[in-house]
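In what follows, a structure is listed as structure tokens, so that the remarks can point back to it.
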Amino acid sequence: MRLSASHNPASFLGVEIRNINLADPIDSCDLAALLDHFDYHHLLIVKNQKLSEEQLINVGNIFGEPAPALVPTFRLKEYPLITKHSNTKDENESPMGVVAPEHVFHADSYFTDNPNKTTLFYSLKSPEQGGETHFVNMCHAYDTLNNETKKLIDDKKATYKNAYINQPPVSHPLVRVHPVTKRKALFVNIHRALGIDGLEQNEALNLLKNLYEHATNPELIYRHKWEDGDLLVWSNVTTMHCATPIDSSQERLLYRILIKGVLPVS
């Protein structure tokens, strides 16, 4: 049976992929369909997967070259391309996995010189309540800007600096272009932002705030409720995402793989 997909009715992005077992090799027809859905819908939702660490890395290779997480703390010892995300703590109350900041929309590694182009998240243990991941479509965000704003930002770059990482500031276009569909996507964040090239700082930060709020309009958010075996694959060029709170009585365990970006960033 061939791979099939249904558009996510709850959002402006995403397709649910059916009739595929990613633990097995994928034939050329299904591979082409999978990548086409990814390019045009930005987010793949693949249910009921059972993947070993090796198989998860193999799936990552479908979308490009996997890259180790910038911070090594929770990389798996035997599989350093995989990072463990968990809300559990050890006997000393130390985290046993990455705990993402809540309600902070972002594209992964946007503050680096070559942001990761794709993220894979695979759920091994999902909370019954809470712990959703929220997504927004940054192509739709750009499309719905007024023409004056589009003209203002089309050739501008924003500068970011992560104070916790010993790297110089980086500048990225406020508008990125998808390499296949050629659709324009807003690429913006208010966190770790220093300014916008060519604009006075207060004006720049106010513009970034307005663009960020436009993109994260609550009416345009897809809220993914995780189930065990879910594999989500999303584009960091055309989406942003954020974590949400998990009650301490609930347990969450996910594996993440990042896919290396392509230079120049455009």
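By convention in this document, the chains of the structure tokens carry letters A, B, ... by their order, each chain's residues are numbered from 1, and ligands are numbered from 1 in the order they are shown.
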
Residues flagged helix (DSSP H, G or I) by DSSP in region 50-185 of chain A, as a ChimeraX atom specification
/A:53-62,138-143,147-153

Just want the 10 Å neighbourhood of Asp113 (chain A), counted on only C-alpha atoms, with same-chain residues fewer than 4 positions away dropped. Output as a list in words.
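My reading of the contact set: Ser109, Tyr160, Gln167, Pro168, Pro169, Val170, Ser171, His172, Gly261, Leu263, Pro264 and Val265 of chain A.
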
Considering only C-alpha atoms, return as a ChimeraX atom specification whatever protein or nucleic-acid residues lie within 9 Å of Lys117 (chain A), sequence-local ones (same chain, fewer than 3 positions apart) excluded.
/A:64,107-108,114,234-237,258-262

Find the residue from A:Val99, A:Leu254, A:Leu145, A:Ala163 that sits nearest to Leu124 (chain A); use only C-alpha atoms when measuring.
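Among A:Val99, A:Leu254, A:Leu145, A:Ala163, it is A:Leu254 that comes nearest to Leu124 (chain A).
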
Which residues are close to His191 (chain A), i.e. within 12 Å by only C-alpha atoms, leaving aside same-chain residues fewer than 3 positions away? Reply as a CSV table (one decimal) with N, CA, C and O atoms, in the first residue's frame.
```
chain,number,residue,atom,x,y,z
A,101,PRO,N,12.3,25.9,27.0
A,101,PRO,CA,11.6,27.0,27.6
A,101,PRO,C,10.1,27.0,27.1
A,101,PRO,O,9.9,26.7,25.9
A,103,HIS,N,6.4,28.4,25.9
A,103,HIS,CA,5.7,29.5,25.3
A,103,HIS,C,6.7,30.5,24.6
A,103,HIS,O,6.5,31.7,24.6
A,104,VAL,N,7.9,29.9,24.1
A,104,VAL,CA,8.9,30.8,23.4
A,104,VAL,C,8.9,30.2,22.0
A,104,VAL,O,9.6,29.3,21.7
A,105,PHE,N,8.2,30.9,21.1
A,105,PHE,CA,8.3,30.4,19.7
A,105,PHE,C,9.7,30.7,19.1
A,105,PHE,O,10.2,31.8,19.3
A,106,HIS,N,10.2,29.8,18.3
A,106,HIS,CA,11.5,29.9,17.7
A,106,HIS,C,11.7,28.9,16.6
A,106,HIS,O,11.0,28.0,16.5
A,107,ALA,N,12.7,29.2,15.8
A,107,ALA,CA,13.2,28.2,14.9
A,107,ALA,C,14.5,27.7,15.5
A,107,ALA,O,15.3,28.5,16.0
A,109,SER,N,18.1,26.9,16.5
A,109,SER,CA,19.4,27.4,16.3
A,109,SER,C,19.4,28.6,15.4
A,109,SER,O,20.4,28.9,14.7
A,110,TYR,N,18.4,29.4,15.5
A,110,TYR,CA,18.3,30.7,14.7
A,110,TYR,C,19.4,31.6,15.0
A,110,TYR,O,19.8,32.5,14.3
A,111,PHE,N,20.0,31.5,16.2
A,111,PHE,CA,21.1,32.4,16.7
A,111,PHE,C,22.5,31.9,16.3
A,111,PHE,O,23.5,32.5,16.8
A,158,ALA,N,18.2,40.8,10.6
A,158,ALA,CA,18.2,40.9,12.1
A,158,ALA,C,19.4,40.3,12.7
A,158,ALA,O,19.9,39.3,12.1
A,159,THR,N,19.9,40.9,13.8
A,159,THR,CA,21.1,40.4,14.4
A,159,THR,C,20.7,39.7,15.8
A,159,THR,O,19.9,40.3,16.5
A,160,TYR,N,21.3,38.6,16.1
A,160,TYR,CA,21.0,37.8,17.3
A,160,TYR,C,22.3,37.4,18.0
A,160,TYR,O,23.3,37.2,17.3
A,161,LYS,N,22.2,37.3,19.3
A,161,LYS,CA,23.4,36.8,20.1
A,161,LYS,C,22.9,36.0,21.3
A,161,LYS,O,22.0,36.5,22.1
A,162,ASN,N,23.3,34.8,21.4
A,162,ASN,CA,23.0,33.9,22.6
A,162,ASN,C,24.1,34.2,23.6
A,162,ASN,O,25.2,33.8,23.4
A,163,ALA,N,23.7,34.8,24.7
A,163,ALA,CA,24.7,35.1,25.7
A,163,ALA,C,25.3,33.9,26.4
A,163,ALA,O,26.3,34.0,27.1
A,188,VAL,N,12.0,35.5,12.0
A,188,VAL,CA,12.1,36.6,13.0
A,188,VAL,C,12.0,36.0,14.4
A,188,VAL,O,11.3,35.0,14.6
A,194,LEU,N,19.3,41.7,18.8
A,194,LEU,CA,20.0,42.9,19.1
A,194,LEU,C,19.5,44.1,18.3
A,194,LEU,O,19.6,45.2,18.7
A,195,GLY,N,19.0,43.8,17.1
A,195,GLY,CA,18.5,44.9,16.2
A,195,GLY,C,18.4,44.4,14.8
A,195,GLY,O,18.4,43.2,14.5
A,205,LEU,N,13.6,47.0,17.4
A,205,LEU,CA,13.1,46.0,18.4
A,205,LEU,C,11.6,46.1,18.4
A,205,LEU,O,10.9,45.1,18.5
A,208,LEU,N,10.5,44.1,15.3
A,208,LEU,CA,10.6,42.6,15.6
A,208,LEU,C,9.5,42.1,16.4
A,208,LEU,O,8.9,41.1,16.2
A,209,LYS,N,9.1,42.9,17.4
A,209,LYS,CA,8.0,42.6,18.3
A,209,LYS,C,6.7,42.4,17.5
A,209,LYS,O,6.0,41.5,17.7
A,212,TYR,N,6.8,39.4,15.3
A,212,TYR,CA,6.7,38.1,16.1
A,212,TYR,C,5.2,37.9,16.5
A,212,TYR,O,4.7,36.8,16.4
```

Per DSSP on the backbone, what are the strand (DSSP E) residues of region 108-198 of chain A, as a ChimeraX atom specification?
/A:118-125,133-137,157-160,170-173,175-177,184-186,193-196

From the list A:Met138, A:Asp24, A:Glu128, A:Thr112, the nearest residue to Gln250 (chain A) using only C-alpha atoms is A:Glu128

Hey, which of A:Leu35, A:Val233, A:Ala215, A:Ala67 ends up closest to Val180 (chain A)? Count only C-alpha atoms.
A:Leu35
